[in-house]
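Just model02.pdb here, PDB, C-alpha atoms, pLDDT in the B column:
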ATOM      1  CA  MET A   1       3.040 -18.291 -64.120  1.00 74.00           C
ATOM      2  CA  SER A   2      -0.566 -18.885 -63.073  1.00 88.00           C
ATOM      3  CA  GLU A   3      -2.605 -16.251 -61.276  1.00 88.00           C
ATOM      4  CA  LYS A   4      -2.619 -18.375 -58.084  1.00 88.00           C
ATOM      5  CA  GLU A   5       1.157 -18.822 -58.197  1.00 90.00           C
ATOM      6  CA  GLU A   6       1.658 -15.090 -58.654  1.00 91.00           C
ATOM      7  CA  GLN A   7      -0.623 -14.369 -55.678  1.00 93.00           C
ATOM      8  CA  ASP A   8       1.244 -16.918 -53.560  1.00 91.00           C
ATOM      9  CA  ARG A   9       4.534 -15.180 -54.341  1.00 90.00           C
ATOM     10  CA  LYS A  10       3.120 -11.781 -53.439  1.00 92.00           C
ATOM     11  CA  ASP A  11       1.688 -13.096 -50.186  1.00 94.00           C
ATOM     12  CA  PHE A  12       4.947 -14.851 -49.342  1.00 93.00           C
ATOM     13  CA  GLU A  13       6.846 -11.576 -49.826  1.00 93.00           C
ATOM     14  CA  LEU A  14       4.573 -10.059 -47.180  1.00 94.00           C
ATOM     15  CA  ILE A  15       5.198 -13.030 -44.894  1.00 93.00           C
ATOM     16  CA  LEU A  16       8.941 -12.631 -45.386  1.00 91.00           C
ATOM     17  CA  GLU A  17       8.738  -8.922 -44.605  1.00 92.00           C
ATOM     18  CA  ALA A  18       6.864  -9.689 -41.379  1.00 92.00           C
ATOM     19  CA  TYR A  19       9.293 -12.506 -40.521  1.00 91.00           C
ATOM     20  CA  LYS A  20      12.316 -10.223 -40.861  1.00 89.00           C
ATOM     21  CA  PHE A  21      10.796  -7.261 -38.985  1.00 92.00           C
ATOM     22  CA  LYS A  22      13.410  -5.692 -36.675  1.00 90.00           C
ATOM     23  CA  GLY A  23      15.801  -8.539 -37.517  1.00 89.00           C
ATOM     24  CA  TYR A  24      14.291 -11.148 -35.193  1.00 87.00           C
ATOM     25  CA  ASP A  25      12.937 -14.456 -36.497  1.00 81.00           C
ATOM     26  CA  LYS A  26       9.285 -15.187 -35.818  1.00 88.00           C
ATOM     27  CA  GLY A  27       7.014 -18.200 -35.791  1.00 87.00           C
ATOM     28  CA  ARG A  28       3.620 -18.470 -37.461  1.00 89.00           C
ATOM     29  CA  ARG A  29       1.884 -16.577 -34.662  1.00 91.00           C
ATOM     30  CA  GLY A  30       4.461 -13.802 -34.645  1.00 91.00           C
ATOM     31  CA  ILE A  31       4.157 -13.413 -38.411  1.00 93.00           C
ATOM     32  CA  HIS A  32       0.343 -13.344 -38.178  1.00 92.00           C
ATOM     33  CA  MET A  33       0.426 -10.603 -35.525  1.00 94.00           C
ATOM     34  CA  ARG A  34       3.011  -8.539 -37.414  1.00 94.00           C
ATOM     35  CA  LEU A  35       0.872  -8.740 -40.582  1.00 94.00           C
ATOM     36  CA  LEU A  36      -2.118  -7.460 -38.599  1.00 93.00           C
ATOM     37  CA  HIS A  37      -0.037  -4.471 -37.508  1.00 92.00           C
ATOM     38  CA  MET A  38       0.787  -3.934 -41.187  1.00 92.00           C
ATOM     39  CA  GLY A  39      -2.945  -3.860 -41.948  1.00 92.00           C
ATOM     40  CA  ILE A  40      -2.926  -7.289 -43.590  1.00 94.00           C
ATOM     41  CA  VAL A  41      -5.241 -10.137 -42.593  1.00 93.00           C
ATOM     42  CA  MET A  42      -3.847 -13.571 -43.430  1.00 94.00           C
ATOM     43  CA  ASN A  43      -4.920 -16.716 -41.612  1.00 93.00           C
ATOM     44  CA  HIS A  44      -2.574 -19.204 -39.944  1.00 91.00           C
ATOM     45  CA  LYS A  45      -3.328 -21.962 -42.435  1.00 93.00           C
ATOM     46  CA  LYS A  46      -2.222 -19.844 -45.374  1.00 94.00           C
ATOM     47  CA  ILE A  47       0.891 -18.613 -43.569  1.00 93.00           C
ATOM     48  CA  SER A  48       1.881 -22.201 -42.734  1.00 93.00           C
ATOM     49  CA  ARG A  49       1.221 -23.378 -46.302  1.00 94.00           C
ATOM     50  CA  LEU A  50       3.336 -20.648 -47.880  1.00 92.00           C
ATOM     51  CA  MET A  51       6.153 -21.043 -45.356  1.00 92.00           C
ATOM     52  CA  LYS A  52       6.287 -24.743 -46.155  1.00 91.00           C
ATOM     53  CA  LYS A  53       5.970 -24.139 -49.909  1.00 86.00           C
ATOM     54  CA  TYR A  54       8.890 -21.692 -50.056  1.00 88.00           C
ATOM     55  CA  GLY A  55      11.040 -23.343 -47.395  1.00 88.00           C
ATOM     56  CA  LEU A  56      10.838 -20.720 -44.658  1.00 87.00           C
ATOM     57  CA  PHE A  57      11.609 -22.263 -41.287  1.00 78.00           C
ATOM     58  CA  CYS A  58      12.178 -20.629 -37.918  1.00 71.00           C
ATOM     59  CA  PRO A  59      13.716 -21.690 -34.586  1.00 61.00           C
ATOM     60  CA  ILE A  60      10.657 -20.763 -32.516  1.00 57.00           C
ATOM     61  CA  ARG A  61       9.772 -23.530 -30.088  1.00 56.00           C
ATOM     62  CA  LYS A  62       6.458 -25.364 -29.987  1.00 53.00           C
ATOM     63  CA  ALA A  63       4.471 -25.961 -26.822  1.00 50.00           C
ATOM     64  CA  SER A  64       5.131 -29.384 -25.339  1.00 45.00           C
ATOM     65  CA  PRO A  65       2.401 -31.668 -23.939  1.00 42.00           C
ATOM     66  CA  ALA A  66       3.962 -31.237 -20.492  1.00 37.00           C
ATOM     67  CA  ARG A  67       3.672 -27.447 -20.744  1.00 45.00           C
ATOM     68  CA  ARG A  68       0.026 -27.716 -21.755  1.00 46.00           C
ATOM     69  CA  MET A  69      -0.599 -30.043 -18.833  1.00 39.00           C
ATOM     70  CA  ALA A  70       1.068 -27.598 -16.444  1.00 40.00           C
ATOM     71  CA  LYS A  71      -1.152 -24.817 -17.750  1.00 45.00           C
ATOM     72  CA  ALA A  72      -4.205 -26.960 -17.060  1.00 44.00           C
ATOM     73  CA  MET A  73      -2.997 -27.469 -13.482  1.00 37.00           C
ATOM     74  CA  LYS A  74      -2.673 -23.730 -12.957  1.00 39.00           C
ATOM     75  CA  THR A  75      -5.388 -23.539 -10.290  1.00 36.00           C
ATOM     76  CA  SER A  76      -3.661 -25.902  -7.831  1.00 37.00           C
ATOM     77  CA  ASN A  77      -3.300 -24.343  -4.409  1.00 31.00           C
ATOM     78  CA  TYR A  78      -0.051 -24.400  -2.424  1.00 33.00           C
ATOM     79  CA  ALA A  79       0.223 -22.453   0.823  1.00 27.00           C
ATOM     80  CA  ASP A  80       3.956 -21.918   0.556  1.00 40.00           C
ATOM     81  CA  ASN A  81       3.616 -20.042  -2.729  1.00 51.00           C
ATOM     82  CA  ILE A  82       1.879 -16.658  -2.385  1.00 52.00           C
ATOM     83  CA  LEU A  83       1.482 -16.197  -6.135  1.00 54.00           C
ATOM     84  CA  ASN A  84       0.425 -19.809  -6.743  1.00 53.00           C
ATOM     85  CA  ARG A  85       0.785 -19.454 -10.528  1.00 50.00           C
ATOM     86  CA  ARG A  86      -1.855 -16.717 -10.661  1.00 56.00           C
ATOM     87  CA  PHE A  87       0.452 -14.721 -12.893  1.00 48.00           C
ATOM     88  CA  GLU A  88      -2.286 -12.849 -14.731  1.00 56.00           C
ATOM     89  CA  GLU A  89      -5.045 -12.348 -12.145  1.00 60.00           C
ATOM     90  CA  TYR A  90      -3.828  -8.945 -11.018  1.00 71.00           C
ATOM     91  CA  GLY A  91      -3.338  -5.662 -12.836  1.00 85.00           C
ATOM     92  CA  PRO A  92      -0.061  -3.926 -13.730  1.00 92.00           C
ATOM     93  CA  GLY A  93       2.376  -3.354 -10.891  1.00 93.00           C
ATOM     94  CA  TYR A  94       1.122  -6.136  -8.613  1.00 93.00           C
ATOM     95  CA  VAL A  95       3.118  -9.231  -9.630  1.00 91.00           C
ATOM     96  CA  LEU A  96       6.786  -8.677 -10.414  1.00 94.00           C
ATOM     97  CA  GLU A  97       8.636 -11.747 -11.691  1.00 93.00           C
ATOM     98  CA  THR A  98      12.383 -12.152 -11.588  1.00 94.00           C
ATOM     99  CA  ASP A  99      14.854 -14.800 -12.705  1.00 94.00           C
ATOM    100  CA  ILE A 100      18.389 -15.389 -13.999  1.00 95.00           C
ATOM    101  CA  THR A 101      19.603 -17.111 -17.141  1.00 94.00           C
ATOM    102  CA  TYR A 102      22.981 -17.724 -18.737  1.00 94.00           C
ATOM    103  CA  LEU A 103      24.036 -16.668 -22.214  1.00 96.00           C
ATOM    104  CA  PHE A 104      26.876 -18.108 -24.282  1.00 95.00           C
ATOM    105  CA  TYR A 105      28.422 -15.702 -26.750  1.00 95.00           C
ATOM    106  CA  GLY A 106      31.148 -15.626 -29.375  1.00 90.00           C
ATOM    107  CA  HIS A 107      32.987 -18.471 -31.025  1.00 88.00           C
ATOM    108  CA  LYS A 108      34.793 -19.249 -27.749  1.00 88.00           C
ATOM    109  CA  ARG A 109      31.441 -19.799 -26.026  1.00 92.00           C
ATOM    110  CA  SER A 110      32.120 -17.290 -23.278  1.00 94.00           C
ATOM    111  CA  LYS A 111      29.440 -17.089 -20.595  1.00 95.00           C
ATOM    112  CA  ALA A 112      27.447 -14.179 -19.152  1.00 97.00           C
ATOM    113  CA  TYR A 113      24.397 -13.960 -16.913  1.00 97.00           C
ATOM    114  CA  LEU A 114      21.194 -11.991 -17.322  1.00 97.00           C
ATOM    115  CA  SER A 115      18.897 -10.977 -14.466  1.00 97.00           C
ATOM    116  CA  VAL A 116      15.446  -9.716 -15.426  1.00 97.00           C
ATOM    117  CA  GLY A 117      12.470  -8.125 -13.654  1.00 97.00           C
ATOM    118  CA  LYS A 118       9.131  -8.432 -15.484  1.00 96.00           C
ATOM    119  CA  ASP A 119       5.549  -7.323 -14.872  1.00 95.00           C
ATOM    120  CA  GLY A 120       3.432 -10.460 -14.653  1.00 92.00           C
ATOM    121  CA  PHE A 121       0.357  -8.773 -16.125  1.00 93.00           C
ATOM    122  CA  THR A 122       1.646  -6.620 -18.986  1.00 95.00           C
ATOM    123  CA  LYS A 123       4.729  -8.841 -19.642  1.00 95.00           C
ATOM    124  CA  GLN A 124       6.869  -5.687 -19.790  1.00 97.00           C
ATOM    125  CA  ILE A 125      10.552  -6.010 -18.983  1.00 98.00           C
ATOM    126  CA  LEU A 126      10.890  -3.441 -16.209  1.00 98.00           C
ATOM    127  CA  ALA A 127      14.560  -3.948 -15.430  1.00 98.00           C
ATOM    128  CA  TYR A 128      17.479  -6.109 -16.518  1.00 98.00           C
ATOM    129  CA  VAL A 129      21.163  -6.396 -15.704  1.00 98.00           C
ATOM    130  CA  LEU A 130      23.824  -8.312 -17.618  1.00 98.00           C
ATOM    131  CA  SER A 131      26.802  -9.583 -15.627  1.00 97.00           C
ATOM    132  CA  PRO A 132      29.998 -11.521 -16.351  1.00 95.00           C
ATOM    133  CA  SER A 133      29.670 -13.258 -12.967  1.00 93.00           C
ATOM    134  CA  LEU A 134      27.008 -14.763 -10.698  1.00 92.00           C
ATOM    135  CA  GLU A 135      27.709 -12.525  -7.702  1.00 91.00           C
ATOM    136  CA  VAL A 136      24.505 -11.622  -5.876  1.00 89.00           C
ATOM    137  CA  ASP A 137      25.008  -7.896  -6.488  1.00 94.00           C
ATOM    138  CA  PHE A 138      23.699  -7.967 -10.061  1.00 95.00           C
ATOM    139  CA  VAL A 139      20.401  -9.418  -8.822  1.00 96.00           C
ATOM    140  CA  LEU A 140      20.150  -6.655  -6.214  1.00 96.00           C
ATOM    141  CA  GLU A 141      20.884  -4.121  -8.941  1.00 97.00           C
ATOM    142  CA  THR A 142      17.967  -5.516 -10.972  1.00 97.00           C
ATOM    143  CA  ILE A 143      15.544  -4.997  -8.083  1.00 96.00           C
ATOM    144  CA  ASN A 144      16.900  -1.530  -7.292  1.00 96.00           C
ATOM    145  CA  GLN A 145      16.674  -0.556 -10.962  1.00 97.00           C
ATOM    146  CA  LEU A 146      13.114  -1.877 -11.170  1.00 96.00           C
ATOM    147  CA  TYR A 147      12.034   0.037  -8.084  1.00 95.00           C
ATOM    148  CA  SER A 148      13.773   3.312  -8.930  1.00 95.00           C
ATOM    149  CA  LYS A 149      12.336   3.384 -12.470  1.00 95.00           C
ATOM    150  CA  HIS A 150       8.823   2.187 -11.685  1.00 95.00           C
ATOM    151  CA  LYS A 151       8.140   2.889  -7.993  1.00 92.00           C
ATOM    152  CA  HIS A 152       5.196   5.151  -8.846  1.00 92.00           C
ATOM    153  CA  ASN A 153       3.547   2.280 -10.748  1.00 92.00           C
ATOM    154  CA  ILE A 154       4.210  -0.448  -8.171  1.00 93.00           C
ATOM    155  CA  HIS A 155       1.305  -1.173  -5.837  1.00 90.00           C
ATOM    156  CA  THR A 156       1.782  -1.055  -2.086  1.00 88.00           C
ATOM    157  CA  ASP A 157       0.857  -4.751  -1.827  1.00 88.00           C
ATOM    158  CA  ALA A 158       3.023  -5.847  -4.783  1.00 91.00           C
ATOM    159  CA  LEU A 159       5.085  -9.002  -4.593  1.00 91.00           C
ATOM    160  CA  ILE A 160       8.213 -10.271  -6.308  1.00 93.00           C
ATOM    161  CA  HIS A 161       8.076 -13.891  -7.428  1.00 91.00           C
ATOM    162  CA  SER A 162      11.169 -16.016  -8.093  1.00 90.00           C
ATOM    163  CA  ASP A 163      12.501 -19.534  -7.834  1.00 87.00           C
ATOM    164  CA  GLN A 164      14.397 -20.742  -4.772  1.00 86.00           C
ATOM    165  CA  GLY A 165      17.829 -19.993  -6.179  1.00 87.00           C
ATOM    166  CA  VAL A 166      20.639 -18.963  -3.837  1.00 90.00           C
ATOM    167  CA  HIS A 167      20.404 -15.330  -4.939  1.00 92.00           C
ATOM    168  CA  TYR A 168      16.768 -15.048  -3.892  1.00 91.00           C
ATOM    169  CA  THR A 169      17.241 -16.821  -0.564  1.00 91.00           C
ATOM    170  CA  SER A 170      20.260 -14.699   0.362  1.00 92.00           C
ATOM    171  CA  ILE A 171      20.063 -12.333   3.330  1.00 93.00           C
ATOM    172  CA  LYS A 172      21.023  -9.424   1.075  1.00 94.00           C
ATOM    173  CA  PHE A 173      18.109 -10.035  -1.277  1.00 93.00           C
ATOM    174  CA  ILE A 174      15.570 -10.595   1.497  1.00 93.00           C
ATOM    175  CA  ASP A 175      16.708  -7.455   3.332  1.00 94.00           C
ATOM    176  CA  SER A 176      16.547  -5.470   0.099  1.00 95.00           C
ATOM    177  CA  LEU A 177      12.898  -6.426  -0.440  1.00 94.00           C
ATOM    178  CA  LYS A 178      12.073  -5.617   3.165  1.00 93.00           C
ATOM    179  CA  SER A 179      13.608  -2.166   2.828  1.00 95.00           C
ATOM    180  CA  LEU A 180      11.482  -1.549  -0.275  1.00 94.00           C
ATOM    181  CA  GLU A 181       8.425  -3.002   1.483  1.00 92.00           C
ATOM    182  CA  ILE A 182       7.809  -5.520  -1.280  1.00 93.00           C
ATOM    183  CA  ARG A 183       6.519  -8.993  -0.411  1.00 92.00           C
ATOM    184  CA  GLN A 184       8.374 -12.088  -1.576  1.00 90.00           C
ATOM    185  CA  SER A 185       6.868 -15.166  -3.240  1.00 90.00           C
ATOM    186  CA  MET A 186       8.852 -18.234  -4.254  1.00 87.00           C
ATOM    187  CA  SER A 187       8.268 -21.277  -6.422  1.00 80.00           C
ATOM    188  CA  ARG A 188       8.295 -24.682  -4.838  1.00 65.00           C
ATOM    189  CA  ARG A 189      11.689 -26.316  -5.074  1.00 64.00           C
ATOM    190  CA  GLY A 190      12.175 -28.316  -8.239  1.00 50.00           C
ATOM    191  CA  ASN A 191       8.912 -27.145  -9.845  1.00 51.00           C
ATOM    192  CA  CYS A 192       9.692 -25.054 -12.929  1.00 47.00           C
ATOM    193  CA  TRP A 193       5.994 -24.468 -13.680  1.00 45.00           C
ATOM    194  CA  ASP A 194       5.679 -22.152 -10.671  1.00 50.00           C
ATOM    195  CA  ASN A 195       7.939 -19.701 -12.514  1.00 57.00           C
ATOM    196  CA  ALA A 196       6.874 -20.685 -16.035  1.00 70.00           C
ATOM    197  CA  PRO A 197       6.391 -17.188 -17.533  1.00 72.00           C
ATOM    198  CA  GLN A 198       9.994 -16.225 -16.856  1.00 78.00           C
ATOM    199  CA  GLU A 199      11.274 -19.544 -18.181  1.00 80.00           C
ATOM    200  CA  SER A 200       9.168 -19.009 -21.299  1.00 86.00           C
ATOM    201  CA  PHE A 201      10.516 -15.488 -21.805  1.00 91.00           C
ATOM    202  CA  PHE A 202      14.123 -16.642 -21.611  1.00 93.00           C
ATOM    203  CA  GLY A 203      13.467 -19.553 -23.960  1.00 91.00           C
ATOM    204  CA  HIS A 204      11.917 -17.391 -26.659  1.00 92.00           C
ATOM    205  CA  MET A 205      14.565 -14.703 -26.227  1.00 95.00           C
ATOM    206  CA  LYS A 206      17.380 -17.212 -26.783  1.00 93.00           C
ATOM    207  CA  ASP A 207      15.611 -18.570 -29.863  1.00 92.00           C
ATOM    208  CA  GLU A 208      15.338 -15.089 -31.319  1.00 93.00           C
ATOM    209  CA  ILE A 209      18.802 -13.675 -30.535  1.00 94.00           C
ATOM    210  CA  GLY A 210      20.836 -16.879 -30.804  1.00 91.00           C
ATOM    211  CA  ARG A 211      22.268 -16.152 -34.239  1.00 91.00           C
ATOM    212  CA  TYR A 212      23.433 -12.744 -32.975  1.00 95.00           C
ATOM    213  CA  THR A 213      24.916 -13.809 -29.639  1.00 94.00           C
ATOM    214  CA  GLU A 214      26.905 -16.648 -31.182  1.00 90.00           C
ATOM    215  CA  ASN A 215      28.689 -14.073 -33.333  1.00 93.00           C
ATOM    216  CA  ALA A 216      29.217 -11.488 -30.571  1.00 96.00           C
ATOM    217  CA  GLY A 217      32.913 -10.653 -30.437  1.00 92.00           C
ATOM    218  CA  SER A 218      32.947  -9.288 -26.886  1.00 96.00           C
ATOM    219  CA  TYR A 219      30.955  -8.838 -23.699  1.00 97.00           C
ATOM    220  CA  GLU A 220      30.238  -5.236 -24.730  1.00 97.00           C
ATOM    221  CA  GLU A 221      28.807  -6.435 -28.047  1.00 97.00           C
ATOM    222  CA  LEU A 222      26.626  -8.948 -26.203  1.00 98.00           C
ATOM    223  CA  LYS A 223      25.309  -6.121 -24.021  1.00 98.00           C
ATOM    224  CA  GLU A 224      24.360  -4.130 -27.123  1.00 98.00           C
ATOM    225  CA  ILE A 225      22.453  -7.153 -28.450  1.00 98.00           C
ATOM    226  CA  ILE A 226      20.557  -7.504 -25.159  1.00 98.00           C
ATOM    227  CA  ASP A 227      19.804  -3.771 -25.003  1.00 98.00           C
ATOM    228  CA  SER A 228      18.446  -3.841 -28.552  1.00 98.00           C
ATOM    229  CA  TYR A 229      16.321  -6.927 -27.896  1.00 98.00           C
ATOM    230  CA  MET A 230      14.726  -5.461 -24.772  1.00 98.00           C
ATOM    231  CA  VAL A 231      13.632  -2.390 -26.734  1.00 98.00           C
ATOM    232  CA  TYR A 232      12.224  -4.649 -29.455  1.00 98.00           C
ATOM    233  CA  TYR A 233      10.495  -6.937 -26.955  1.00 97.00           C
ATOM    234  CA  ASN A 234       8.705  -4.166 -25.055  1.00 98.00           C
ATOM    235  CA  ASN A 235       7.674  -2.203 -28.146  1.00 98.00           C
ATOM    236  CA  ASP A 236       7.350  -4.578 -31.084  1.00 96.00           C
ATOM    237  CA  ARG A 237       7.110  -8.199 -29.961  1.00 96.00           C
ATOM    238  CA  TYR A 238       3.404  -8.952 -30.195  1.00 95.00           C
ATOM    239  CA  GLN A 239       1.834 -11.558 -27.930  1.00 93.00           C
ATOM    240  CA  TYR A 240      -1.435 -13.443 -28.310  1.00 91.00           C
ATOM    241  CA  ASN A 241      -2.233 -13.169 -24.609  1.00 90.00           C
ATOM    242  CA  LEU A 242      -1.896  -9.379 -24.825  1.00 94.00           C
ATOM    243  CA  ALA A 243      -4.621  -8.968 -27.466  1.00 93.00           C
ATOM    244  CA  LYS A 244      -1.921  -9.404 -30.149  1.00 94.00           C
ATOM    245  CA  LEU A 245      -0.142  -6.254 -28.937  1.00 96.00           C
ATOM    246  CA  SER A 246       3.336  -5.617 -27.592  1.00 97.00           C
ATOM    247  CA  PRO A 247       3.740  -5.164 -23.801  1.00 97.00           C
ATOM    248  CA  ASN A 248       4.005  -1.364 -24.042  1.00 97.00           C
ATOM    249  CA  GLU A 249       1.031  -1.145 -26.413  1.00 96.00           C
ATOM    250  CA  TYR A 250      -1.014  -3.288 -24.043  1.00 95.00           C
ATOM    251  CA  LEU A 251      -0.221  -1.024 -21.096  1.00 94.00           C
ATOM    252  CA  GLU A 252      -1.303   1.982 -23.131  1.00 93.00           C
ATOM    253  CA  ILE A 253      -4.761   0.572 -23.843  1.00 92.00           C
ATOM    254  CA  LEU A 254      -5.158  -0.324 -20.162  1.00 88.00           C
ATOM    255  CA  HIS A 255      -4.590   3.329 -19.314  1.00 79.00           C
ATOM    256  CA  ASP A 256      -7.004   4.637 -21.969  1.00 72.00           C
TER     257      ASP A 256
END
Here is a file; write its structure as structure tokens.
Amino acid sequence: MSEKEEQDRKDFELILEAYKFKGYDKGRRGIHMRLLHMGIVMNHKKISRLMKKYGLFCPIRKASPARRMAKAMKTSNYADNILNRRFEEYGPGYVLETDITYLFYGHKRSKAYLSVGKDGFTKQILAYVLSPSLEVDFVLETINQLYSKHKHNIHTDALIHSDQGVHYTSIKFIDSLKSLEIRQSMSRRGNCWDNAPQESFFGHMKDEIGRYTENAGSYEELKEIIDSYMVYYNNDRYQYNLAKLSPNEYLEILHD
């Protein structure tokens, strides 16, 4: 074995270790950031070359041209949308994003629903509720959980941003926000880009936990998978837009 081949194998072992960290698959960027946290500097080109050479593939999605175009249109101004896609212009505790997604689990493809509340600046998951049904109560529980756990960190002029789904236009939801004195912002109907960060979070989450949820034998097992992922996401899922830190790490440096 040549010296170069031996070095490639050693470097690929490091890539594999980073890829398998905490049991969640990662793309090139995720591997690069995990290696940095391991004290190893390896550029994207080398990571891609070795992944291709040794047949390591991952399910992480690539940005589409449409998504890049939407990002470029971020500054468009619409009066009926308080947030107006300015997801990252404010500090922690100002913009609170919320949305719902469905999750299939088990070999019978049973269905559950996940409601999430996220800080638009730090990307932290502040609250989440899993439900076997789409009743509005689990969305209210998400907001109540978010407020009760983080009320001391939520600004007095904070807003909650969502799509125009029936849960968020319901009297119960609107009254709940009024009682908490939190403003409401909503995406324009039919425009997914107005709530793009939440859509992106759900997409990546499903990519990363899919092989676990499809083997979940029960609703309780699915809940354990979600609980575990949320801990991983807040503490160990590094993001380029957060200075290559996890959401909790990023919040810590903001407070330093």
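Contact shell of Tyr94 in chain A at 10 Å (only C-alpha atoms; same-chain neighbours under 3 positions omitted): A:Phe87, A:Glu88, A:Glu89, A:Tyr90, A:Gly91, A:Glu97, A:Asp119, A:Gly120, A:Phe121, A:Asn153, A:Ile154, A:His155, A:Thr156, A:Asp157, A:Ala158, A:Leu159, A:Ile160, A:Ile182.
Interatomic distance, CA of Phe21 in chain A against CA of Ile47 in chain A: 15.7 Å.
Coordinates place CA of Ser176 in chain A at a distance of 10.1 Å from CA of Glu141 in chain A.
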Near-range 43-46 of chain A list (10 Å; all atoms listed in the file; drop same-chain fewer than 4 positions) as a PyMOL selection string: chain A and resi 8+11-12+28-29+31-32+35+50-52
File dump, residues just selected, C-alpha atoms, as a PDB file, keeping the file's coordinate frame:
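Written file, again-v6.pdb:
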ATOM      1  CA  ASP A   8       1.244 -16.918 -53.560  1.00 91.00           C
ATOM      2  CA  ASP A  11       1.688 -13.096 -50.186  1.00 94.00           C
ATOM      3  CA  PHE A  12       4.947 -14.851 -49.342  1.00 93.00           C
ATOM      4  CA  ARG A  28       3.620 -18.470 -37.461  1.00 89.00           C
ATOM      5  CA  ARG A  29       1.884 -16.577 -34.662  1.00 91.00           C
ATOM      6  CA  ILE A  31       4.157 -13.413 -38.411  1.00 93.00           C
ATOM      7  CA  HIS A  32       0.343 -13.344 -38.178  1.00 92.00           C
ATOM      8  CA  LEU A  35       0.872  -8.740 -40.582  1.00 94.00           C
ATOM      9  CA  LEU A  50       3.336 -20.648 -47.880  1.00 92.00           C
ATOM     10  CA  MET A  51       6.153 -21.043 -45.356  1.00 92.00           C
ATOM     11  CA  LYS A  52       6.287 -24.743 -46.155  1.00 91.00           C
TER      12      LYS A  52
END
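Among A:His150, A:Lys123, A:Lys111, A:Lys4, the residue with the shortest atom-to-atom distance to Asn248 in chain A, counting all atoms listed in the file, is A:Lys123.
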